[in-house]
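Enquirer: File follows, target_10.csv with CSV, C-alpha atoms:
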chain,number,residue,atom,x,y,z
H,1,MET,CA,157.4,125.6,247.1
H,2,ILE,CA,154.3,126.5,245.1
H,3,GLU,CA,154.6,125.6,241.4
H,4,ILE,CA,154.3,128.7,239.2
H,5,THR,CA,152.0,128.0,236.2
H,6,ARG,CA,150.5,131.5,235.6
H,7,PRO,CA,151.5,135.2,236.1
H,8,THR,CA,152.7,135.4,239.7
H,9,LEU,CA,154.1,138.3,241.7
H,10,ILE,CA,157.2,137.4,243.7
H,11,VAL,CA,158.4,139.5,246.6
H,12,ASP,CA,161.8,139.3,248.3
H,13,LYS,CA,161.1,139.6,252.0
H,14,GLU,CA,164.7,140.3,252.9
H,15,VAL,CA,164.9,143.2,250.5
H,16,CYS,CA,161.6,144.5,251.8
H,17,LEU,CA,162.9,144.4,255.4
H,18,GLN,CA,166.1,146.2,254.3
H,19,ASN,CA,164.0,148.9,252.6
H,20,ILE,CA,161.8,149.3,255.7
H,21,GLU,CA,164.8,149.5,258.1
H,22,ARG,CA,166.5,152.1,255.9
H,23,MET,CA,163.4,154.4,255.9
H,24,VAL,CA,162.9,153.8,259.7
H,25,LEU,CA,166.5,154.9,260.4
H,26,LYS,CA,166.1,157.9,258.1
H,27,ALA,CA,163.0,159.0,259.9
H,28,LYS,CA,164.7,158.6,263.3
H,29,LYS,CA,167.7,160.6,262.1
H,30,HIS,CA,165.5,163.5,261.1
H,31,LYS,CA,163.2,163.1,264.2
H,32,LEU,CA,160.2,162.3,262.0
H,33,ARG,CA,157.3,160.0,262.7
H,34,LEU,CA,157.1,157.4,260.0
H,35,ARG,CA,153.5,156.6,259.1
H,36,PRO,CA,154.0,154.3,256.0
H,37,HIS,CA,151.3,154.1,253.3
H,38,PHE,CA,150.0,150.6,253.1
H,39,LYS,CA,148.3,151.0,249.7
H,40,THR,CA,151.4,149.6,248.1
H,41,HIS,CA,151.2,146.1,249.5
H,42,GLN,CA,147.7,146.0,251.0
H,43,ALA,CA,148.6,142.8,252.9
H,44,ALA,CA,148.2,142.1,256.7
H,45,LYS,CA,151.2,139.8,256.6
H,46,ILE,CA,153.5,142.4,255.1
H,47,GLY,CA,152.1,144.9,257.6
H,48,GLU,CA,153.6,142.7,260.3
H,49,TRP,CA,157.0,143.2,258.8
H,50,PHE,CA,156.7,146.9,259.7
H,51,ARG,CA,155.9,146.1,263.3
H,52,ILE,CA,159.4,144.5,263.6
H,53,PHE,CA,160.8,148.0,263.4
H,54,GLY,CA,158.4,149.6,265.8
H,55,ILE,CA,155.8,151.0,263.4
H,56,SER,CA,152.4,151.4,265.0
H,57,GLN,CA,150.8,154.2,262.9
H,58,ILE,CA,149.9,153.7,259.2
H,59,THR,CA,148.3,155.5,256.2
H,60,VAL,CA,145.6,154.0,253.9
H,61,SER,CA,143.8,155.3,250.8
H,62,SER,CA,140.2,154.0,251.3
H,63,VAL,CA,137.7,153.3,254.1
H,64,GLN,CA,137.7,149.7,253.0
H,65,MET,CA,141.5,149.5,253.5
H,66,ALA,CA,141.2,151.2,256.9
H,67,GLU,CA,138.6,148.6,257.9
H,68,TYR,CA,140.8,145.8,256.7
H,69,PHE,CA,143.9,146.9,258.6
H,70,ALA,CA,141.9,147.8,261.7
H,71,SER,CA,140.6,144.2,261.7
H,72,ASN,CA,144.2,143.1,261.7
H,73,GLY,CA,145.2,145.0,264.8
H,74,TRP,CA,146.2,148.5,263.5
H,75,THR,CA,144.7,151.1,265.8
H,76,ASP,CA,146.1,154.4,264.6
H,77,ILE,CA,145.2,155.1,260.9
H,78,THR,CA,145.2,158.1,258.6
H,79,LEU,CA,142.8,157.9,255.7
H,80,ALA,CA,144.8,159.9,253.2
H,81,PHE,CA,142.1,160.4,250.6
H,82,PRO,CA,139.6,163.3,250.4
H,83,LEU,CA,136.6,162.6,252.7
H,84,ASN,CA,133.8,160.7,250.9
H,85,MET,CA,130.7,162.0,252.7
H,86,LEU,CA,128.8,159.0,251.4
H,87,GLU,CA,130.9,156.7,253.7
H,88,LEU,CA,130.4,158.7,256.9
H,89,GLU,CA,128.5,156.0,258.6
H,90,ARG,CA,131.4,153.6,258.1
H,91,ILE,CA,133.9,156.3,259.1
H,92,ASN,CA,132.0,156.8,262.4
H,93,ARG,CA,132.1,153.0,263.1
H,94,LEU,CA,135.9,153.0,262.4
H,95,ALA,CA,136.5,156.0,264.7
H,96,ALA,CA,134.6,154.3,267.5
H,97,ASN,CA,137.2,151.6,267.6
H,98,ILE,CA,140.5,153.1,266.5
H,99,LYS,CA,142.3,156.4,266.4
H,100,LEU,CA,141.3,157.7,263.0
H,101,ASN,CA,142.4,160.8,261.0
H,102,VAL,CA,140.5,162.0,258.0
H,103,LEU,CA,141.3,164.4,255.2
H,104,LEU,CA,139.4,167.5,254.1
H,105,GLU,CA,139.9,169.9,251.1
H,106,ASN,CA,136.5,171.6,250.7
H,107,LYS,CA,133.7,173.1,252.7
H,108,GLU,CA,131.1,170.7,251.5
H,109,ALA,CA,132.8,167.7,253.0
H,110,ALA,CA,133.7,169.7,256.1
H,111,GLU,CA,130.0,170.5,256.7
H,112,ALA,CA,128.9,166.9,256.2
H,113,LEU,CA,131.6,165.7,258.6
H,114,ALA,CA,130.7,168.4,261.2
H,115,ASN,CA,127.0,167.5,261.0
H,116,LYS,CA,127.4,163.7,261.1
H,117,ALA,CA,130.6,162.9,263.1
H,118,ASN,CA,129.6,161.3,266.4
H,119,GLU,CA,133.0,159.8,267.3
H,120,LYS,CA,136.3,161.5,268.0
H,121,MET,CA,138.6,161.8,265.0
H,122,GLY,CA,141.5,163.9,263.8
H,123,VAL,CA,141.2,166.0,260.7
H,124,PHE,CA,144.0,167.1,258.4
H,125,ILE,CA,143.5,169.7,255.7
H,126,LYS,CA,145.0,168.6,252.4
H,127,ILE,CA,147.3,171.1,250.8
H,128,ASP,CA,148.2,171.1,247.1
H,129,THR,CA,151.9,171.9,246.8
H,130,GLY,CA,152.2,171.5,243.1
H,131,TYR,CA,150.8,168.1,242.1
H,132,ASN,CA,147.5,169.7,241.0
H,133,ARG,CA,145.4,166.6,241.8
H,134,THR,CA,143.7,167.3,245.1
H,135,GLY,CA,144.1,169.8,247.9
H,136,ILE,CA,143.9,173.5,248.6
H,137,PRO,CA,146.6,175.8,247.3
H,138,ALA,CA,148.7,176.9,250.2
H,139,GLY,CA,147.8,180.6,249.6
H,140,ARG,CA,144.1,180.1,249.9
H,141,THR,CA,143.9,180.8,253.6
H,142,GLY,CA,140.4,182.2,253.4
H,143,LEU,CA,139.1,178.7,252.4
H,144,ILE,CA,141.3,177.1,255.1
H,145,ASP,CA,139.8,179.5,257.7
H,146,SER,CA,136.2,178.6,256.5
H,147,ILE,CA,136.9,174.9,257.0
H,148,LEU,CA,138.4,175.4,260.4
H,149,ASP,CA,135.4,177.4,261.4
H,150,ILE,CA,133.1,174.6,260.3
H,151,LEU,CA,135.1,172.1,262.3
H,152,LYS,CA,134.7,174.1,265.5
H,153,SER,CA,131.0,173.4,265.5
H,154,ASN,CA,131.6,169.7,266.4
H,155,SER,CA,133.7,169.1,269.5
H,156,LYS,CA,134.4,165.5,268.4
H,157,LEU,CA,136.7,166.9,265.6
H,158,ARG,CA,140.2,167.9,266.3
H,159,PHE,CA,142.2,169.8,263.7
H,160,LYS,CA,145.6,168.0,263.4
H,161,GLY,CA,147.4,170.0,260.8
H,162,PHE,CA,148.3,170.2,257.1
H,163,LEU,CA,149.0,167.2,254.9
H,164,THR,CA,150.4,167.1,251.4
H,165,HIS,CA,151.4,164.5,248.8
H,166,THR,CA,154.2,165.9,246.5
H,167,GLY,CA,153.2,163.5,243.8
H,168,HIS,CA,154.9,165.5,241.0
H,169,THR,CA,158.2,164.1,242.2
H,170,TYR,CA,157.2,160.9,240.3
H,171,THR,CA,157.3,162.8,237.0
H,172,ALA,CA,160.6,164.6,237.7
H,173,ARG,CA,163.2,164.5,235.0
H,174,SER,CA,166.2,164.6,237.4
H,175,THR,CA,167.0,164.2,241.1
H,176,ASN,CA,167.5,168.0,241.3
H,177,GLU,CA,163.9,168.4,240.2
H,178,ILE,CA,162.8,166.2,243.1
H,179,PHE,CA,164.9,168.2,245.5
H,180,SER,CA,163.4,171.4,244.1
H,181,SER,CA,159.7,170.2,244.3
H,182,HIS,CA,160.3,168.9,247.9
H,183,PHE,CA,161.9,172.2,249.1
H,184,ASP,CA,159.1,174.2,247.5
H,185,ALA,CA,156.5,172.0,249.3
H,186,LEU,CA,158.4,172.4,252.5
H,187,LEU,CA,158.4,176.2,252.4
H,188,LYS,CA,154.6,176.3,251.6
H,189,LEU,CA,153.8,174.0,254.6
H,190,LYS,CA,156.1,175.8,257.0
H,191,LYS,CA,154.5,179.1,256.1
H,192,LEU,CA,151.1,177.7,256.9
H,193,LYS,CA,152.4,176.3,260.2
H,194,ASN,CA,153.7,179.7,261.1
H,195,ASN,CA,150.4,181.3,260.3
H,196,TYR,CA,148.3,178.9,262.3
H,197,GLN,CA,150.4,177.5,265.2
H,198,ASN,CA,149.4,180.2,267.7
H,199,GLN,CA,145.8,179.4,267.1
H,200,TYR,CA,146.4,175.7,267.0
H,201,PRO,CA,149.4,174.8,269.2
H,202,GLY,CA,150.9,171.5,268.3
H,203,LEU,CA,149.5,171.4,264.7
H,204,GLU,CA,151.5,169.0,262.5
H,205,LEU,CA,152.9,168.9,259.0
H,206,SER,CA,152.7,165.6,257.1
H,207,MET,CA,154.4,164.8,253.8
H,208,GLY,CA,154.2,161.6,251.8
H,209,ASP,CA,156.0,160.6,248.6
H,210,THR,CA,158.7,157.9,248.1
H,211,PRO,CA,161.1,159.9,245.9
H,212,SER,CA,161.6,162.8,248.3
H,213,ALA,CA,161.4,160.6,251.4
H,214,SER,CA,164.2,158.4,249.9
H,215,ILE,CA,166.7,161.0,248.8
H,216,CYS,CA,166.0,164.4,250.3
H,217,GLY,CA,167.8,165.5,253.5
H,218,ASN,CA,165.9,168.6,254.5
H,219,PHE,CA,162.7,168.0,256.6
H,220,ASN,CA,163.0,171.0,258.8
H,221,GLY,CA,159.6,171.7,260.4
H,222,ILE,CA,158.0,168.5,259.2
H,223,ASP,CA,156.5,166.1,261.8
H,224,GLU,CA,155.5,163.0,259.7
H,225,LEU,CA,156.5,161.1,256.6
H,226,ARG,CA,154.0,158.8,254.7
H,227,PRO,CA,155.9,157.1,251.9
H,228,GLY,CA,154.5,153.8,250.6
H,229,ASN,CA,156.2,152.6,247.4
H,230,PHE,CA,159.6,152.3,249.1
H,231,ILE,CA,158.9,148.9,250.5
H,232,PHE,CA,158.9,147.4,247.0
H,233,TYR,CA,160.4,150.2,244.8
H,234,ASP,CA,160.2,149.6,241.0
H,235,LEU,CA,161.5,150.7,237.6
H,236,MET,CA,159.9,154.2,238.0
H,237,GLN,CA,161.8,154.8,241.2
H,238,LEU,CA,165.0,153.4,239.6
H,239,SER,CA,164.6,155.8,236.6
H,240,LEU,CA,164.3,158.7,239.0
H,241,GLY,CA,167.5,157.8,240.7
H,242,VAL,CA,165.6,157.1,243.9
H,243,CYS,CA,166.8,153.5,244.4
H,244,GLU,CA,169.2,150.9,243.1
H,245,MET,CA,168.3,147.8,241.2
H,246,GLU,CA,169.0,145.7,244.3
H,247,ASN,CA,166.4,147.7,246.3
H,248,ILE,CA,163.6,146.5,244.0
H,249,ALA,CA,161.8,143.7,245.9
H,250,VAL,CA,159.2,142.5,243.4
H,251,ARG,CA,159.2,140.5,240.1
H,252,MET,CA,156.4,139.3,238.0
H,253,VAL,CA,157.1,135.7,236.9
H,254,CYS,CA,155.3,134.9,233.6
H,255,PRO,CA,155.1,131.7,231.4
H,256,VAL,CA,156.4,131.9,227.8
H,257,VAL,CA,153.6,130.8,225.5
H,258,ALA,CA,154.8,131.6,222.0
H,259,LYS,CA,157.9,132.8,220.0
H,260,HIS,CA,158.0,134.7,216.7
H,261,VAL,CA,161.5,134.6,215.2
H,262,SER,CA,160.6,136.9,212.2
H,263,ARG,CA,159.9,139.7,214.7
H,264,ASN,CA,162.3,138.7,217.5
H,265,GLU,CA,159.2,138.7,219.8
H,266,ILE,CA,158.3,136.4,222.6
H,267,VAL,CA,154.7,136.2,223.9
H,268,ILE,CA,154.2,135.8,227.7
H,269,TYR,CA,151.1,135.1,229.7
H,270,GLY,CA,151.1,138.4,231.5
H,271,GLY,CA,149.2,141.5,230.3
H,272,ALA,CA,147.6,144.7,231.3
H,273,VAL,CA,145.4,143.0,233.9
H,274,HIS,CA,148.6,141.9,235.6
H,275,PHE,CA,151.0,144.8,235.1
H,276,SER,CA,148.8,147.8,234.6
H,277,LYS,CA,149.4,150.2,231.7
H,278,ASP,CA,152.1,152.3,233.3
H,279,THR,CA,155.2,152.8,231.1
H,280,LEU,CA,158.6,154.4,230.9
H,281,GLN,CA,160.4,155.6,227.8
H,282,ASN,CA,163.0,153.1,226.8
H,283,THR,CA,166.4,153.9,225.5
H,284,ASP,CA,165.1,153.4,222.0
H,285,GLY,CA,162.4,156.0,222.6
H,286,LYS,CA,159.6,153.4,222.7
H,287,GLU,CA,157.3,152.5,225.6
H,288,LEU,CA,158.7,150.1,228.2
H,289,TYR,CA,156.4,148.1,230.4
H,290,GLY,CA,159.1,146.1,232.2
H,291,ARG,CA,162.7,144.9,232.3
H,292,VAL,CA,163.4,141.2,231.6
H,293,ILE,CA,165.3,138.6,233.7
H,294,VAL,CA,166.0,135.2,232.2
H,295,ASN,CA,167.7,132.1,233.3
H,296,VAL,CA,170.9,131.4,231.2
H,297,ASP,CA,172.9,128.3,232.0
H,298,GLY,CA,171.4,128.1,235.5
H,299,GLU,CA,172.0,131.8,236.3
H,300,LYS,CA,169.6,134.6,236.4
H,301,ARG,CA,170.6,137.5,234.1
H,302,LEU,CA,169.0,141.0,233.8
H,303,LEU,CA,169.0,141.7,230.1
H,304,ASP,CA,169.8,145.2,228.8
H,305,THR,CA,167.2,147.6,227.6
H,306,LYS,CA,167.4,146.2,224.0
H,307,ASN,CA,165.3,143.4,225.6
H,308,TYR,CA,162.1,144.6,227.3
H,309,LEU,CA,158.4,144.1,227.7
H,310,SER,CA,157.2,146.3,224.8
H,311,LYS,CA,153.5,145.7,224.4
H,312,LEU,CA,150.5,144.7,226.6
H,313,SER,CA,147.0,143.7,225.8
H,314,GLN,CA,144.6,142.2,228.3
H,315,GLU,CA,146.3,138.8,229.0
H,316,HIS,CA,149.2,139.0,226.5
H,317,GLY,CA,152.6,140.6,227.0
H,318,ILE,CA,155.1,140.9,224.1
H,319,LEU,CA,158.9,140.8,224.8
H,320,LYS,CA,161.1,142.5,222.3
H,321,VAL,CA,164.5,140.7,222.4
H,322,THR,CA,167.7,140.6,220.5
H,323,PRO,CA,168.5,137.6,218.3
H,324,SER,CA,171.2,136.4,220.7
H,325,ASN,CA,168.8,136.3,223.6
H,326,PHE,CA,165.9,134.9,221.6
H,327,LYS,CA,167.5,131.5,221.6
H,328,HIS,CA,167.9,131.4,225.4
H,329,ILE,CA,164.1,131.6,226.0
H,330,ALA,CA,162.0,128.6,225.2
H,331,ILE,CA,158.2,128.1,225.1
H,332,GLY,CA,157.2,126.8,228.5
H,333,ASP,CA,160.0,128.8,230.3
H,334,LEU,CA,159.3,131.2,233.1
H,335,VAL,CA,160.7,134.7,232.7
H,336,GLU,CA,160.9,137.4,235.4
H,337,ILE,CA,159.7,141.0,234.6
H,338,ILE,CA,160.6,144.0,236.8
H,339,PRO,CA,157.4,146.1,236.8
H,340,VAL,CA,157.3,149.9,236.1
H,341,HIS,CA,154.9,150.5,239.0
H,342,SER,CA,154.8,148.0,241.8
H,343,CYS,CA,151.8,149.5,243.6
H,344,LEU,CA,149.5,149.1,240.7
H,345,THR,CA,150.9,145.7,239.8
H,346,ALA,CA,150.4,144.4,243.3
H,347,ASN,CA,146.8,145.8,243.4
H,348,LEU,CA,145.9,144.0,240.2
H,349,MET,CA,147.4,140.7,241.3
H,350,GLY,CA,145.7,140.5,244.7
H,351,HIS,CA,148.2,138.1,246.1
H,352,MET,CA,152.0,137.3,246.0
H,353,LEU,CA,154.6,134.7,246.8
H,354,THR,CA,157.7,135.4,248.9
H,355,THR,CA,161.0,134.0,247.5
H,356,GLU,CA,160.6,131.4,250.2
H,357,GLY,CA,157.3,130.2,248.7
H,358,GLU,CA,155.0,131.7,251.3
H,359,LEU,CA,151.6,132.8,249.9
H,360,ILE,CA,150.6,136.3,250.9
H,361,THR,CA,147.0,137.3,250.4
H,362,MET,CA,146.0,141.0,250.1
H,363,MET,CA,142.9,142.7,251.2
H,364,PRO,CA,139.7,141.6,249.4
H,365,LYS,CA,138.5,143.8,246.5
H,366,TYR,CA,134.8,143.6,247.3
Would you kindly transcribe this structure into structure tokens?

Expert:
Amino acid sequence: MIEITRPTLIVDKEVCLQNIERMVLKAKKHKLRLRPHFKTHQAAKIGEWFRIFGISQITVSSVQMAEYFASNGWTDITLAFPLNMLELERINRLAANIKLNVLLENKEAAEALANKANEKMGVFIKIDTGYNRTGIPAGRTGLIDSILDILKSNSKLRFKGFLTHTGHTYTARSTNEIFSSHFDALLKLKKLKNNYQNQYPGLELSMGDTPSASICGNFNGIDELRPGNFIFYDLMQLSLGVCEMENIAVRMVCPVVAKHVSRNEIVIYGGAVHFSKDTLQNTDGKELYGRVIVNVDGEKRLLDTKNYLSKLSQEHGILKVTPSNFKHIAIGDLVEIIPVHSCLTANLMGHMLTTEGELITMMPKY
């Protein structure tokens, strides 16, 4: 077992495998292709855990990530980020060696792709179903038609269908709001499919967000799911009612470096460069950066929300704790923190340990 002396991300492999299996079974139940998003873990070793359950098609969020997983044997990859025309040379090289799908949402990128694509690749058109980040509003069929006309000029390009990320489910205030956002997106995509399927037989609809993939039960007309966070889950998903505490597979383990009894505060080595700045609103109305697990009399105990990670600076984290728990935590101890957002935490850390002590490295950041 590797000795932990600094902020370390711990991942429970068994919980991850259970989370993967649950999503695989759900996809099979609804006759969906599961194309998991690998931006959550960004690790070739964890990618192999998906192969155990028959996963052979994946989603990534950058050309660099596509190159990394292609070099580790993945041959069917969707690059679910609006096409960056400055990387077309690298995209062509990827498409020469794997089955690659790219994403368009404007005519400028479509023209660049049509002019420079010299390898076969699939193309999805990104649809904004309410998240208002990227994508074409479903009603703008004129723009969609223009992009489709541009694609016809290059025989290497095959229009695959419409893709959306219902990201506003992450800011829902109730599970009913998740259901509502998902159903609204479903209707918009199905209307597009009805409009274009005669012209493009076999076009597909692809959806990808962990909240709706985890709890919704209506996927009528959808061909593919692309959730990513579900392998780890986190406090954000727990707060949405999407998972249970036992489904959260990651913990940040941080050394205690100082205590301040006058403020009932404990300082840990673990700050914004380790956790990110994502927060939830705690039960006291203040920002919460993580929940605290401590070792009391040889047993791990999840403390209530009166005890939480309350502040972050670059390397420092401040735990606000009750007087009764303050005495159980000593300088030099290790405390476990459940992160608000596991994807960003993993990305910042760049590596992790399994609960069995195996070191897992993630894709290089250069």

Enquirer: I'd like the contact shell of Thr305 in chain H - 8 Å cut-off, all atoms listed in the file, skipping same-chain residues fewer than 4 positions apart - returned as a PyMOL selection string.

Expert: chain H and resi 282-283+291

Enquirer: Hey, which of H:Leu302, H:Val267, H:Val340, H:Leu240 ends up closest to Lys320 in chain H? Count only C-alpha atoms.

Expert: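 Counting only C-alpha atoms, the residue closest to Lys320 in chain H is H:Val267.
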
Enquirer: If you measure from CA of Asn229 in chain H to CA of Leu34 in chain H, what distance in Å do you get, rounded to one decimal?

Expert: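 Result for CA of Asn229 in chain H versus CA of Leu34 in chain H: 13.5 Å, one decimal.
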
Enquirer: Write out as a PyMOL selection string each polymer residue whose atoms come within 9 Å of Leu157 in chain H, counting all atoms listed in the file; drop sequence neighbours fewer than 4 positions from it.

Expert: chain H and resi 113-114+117+119-123+151-153

Enquirer: Which one of H:His168, H:Lys156, H:Lys190, H:Lys107 sits closest to Gly142 in chain H if you count only C-alpha atoms?

Expert: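 Between H:His168, H:Lys156, H:Lys190, H:Lys107, the residue approaching Gly142 in chain H most closely is H:Lys107.
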
Enquirer: So that I can see what lies close to Val15 in chain H, please list as a PyMOL selection string the residues with an atom at most 7 Å from it, counting all atoms listed in the file and leaving out residues fewer than 3 positions away in the same chain.

Expert: chain H and resi 12+18-19+247+249

Enquirer: Which residue out of H:Asp234, H:Glu21, H:Asp209, H:Glu111 has the minimum interatomic distance to Val250 in chain H when all atoms listed in the file are used?

Expert: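 Under the stated criterion, the closest residue is H:Asp234.
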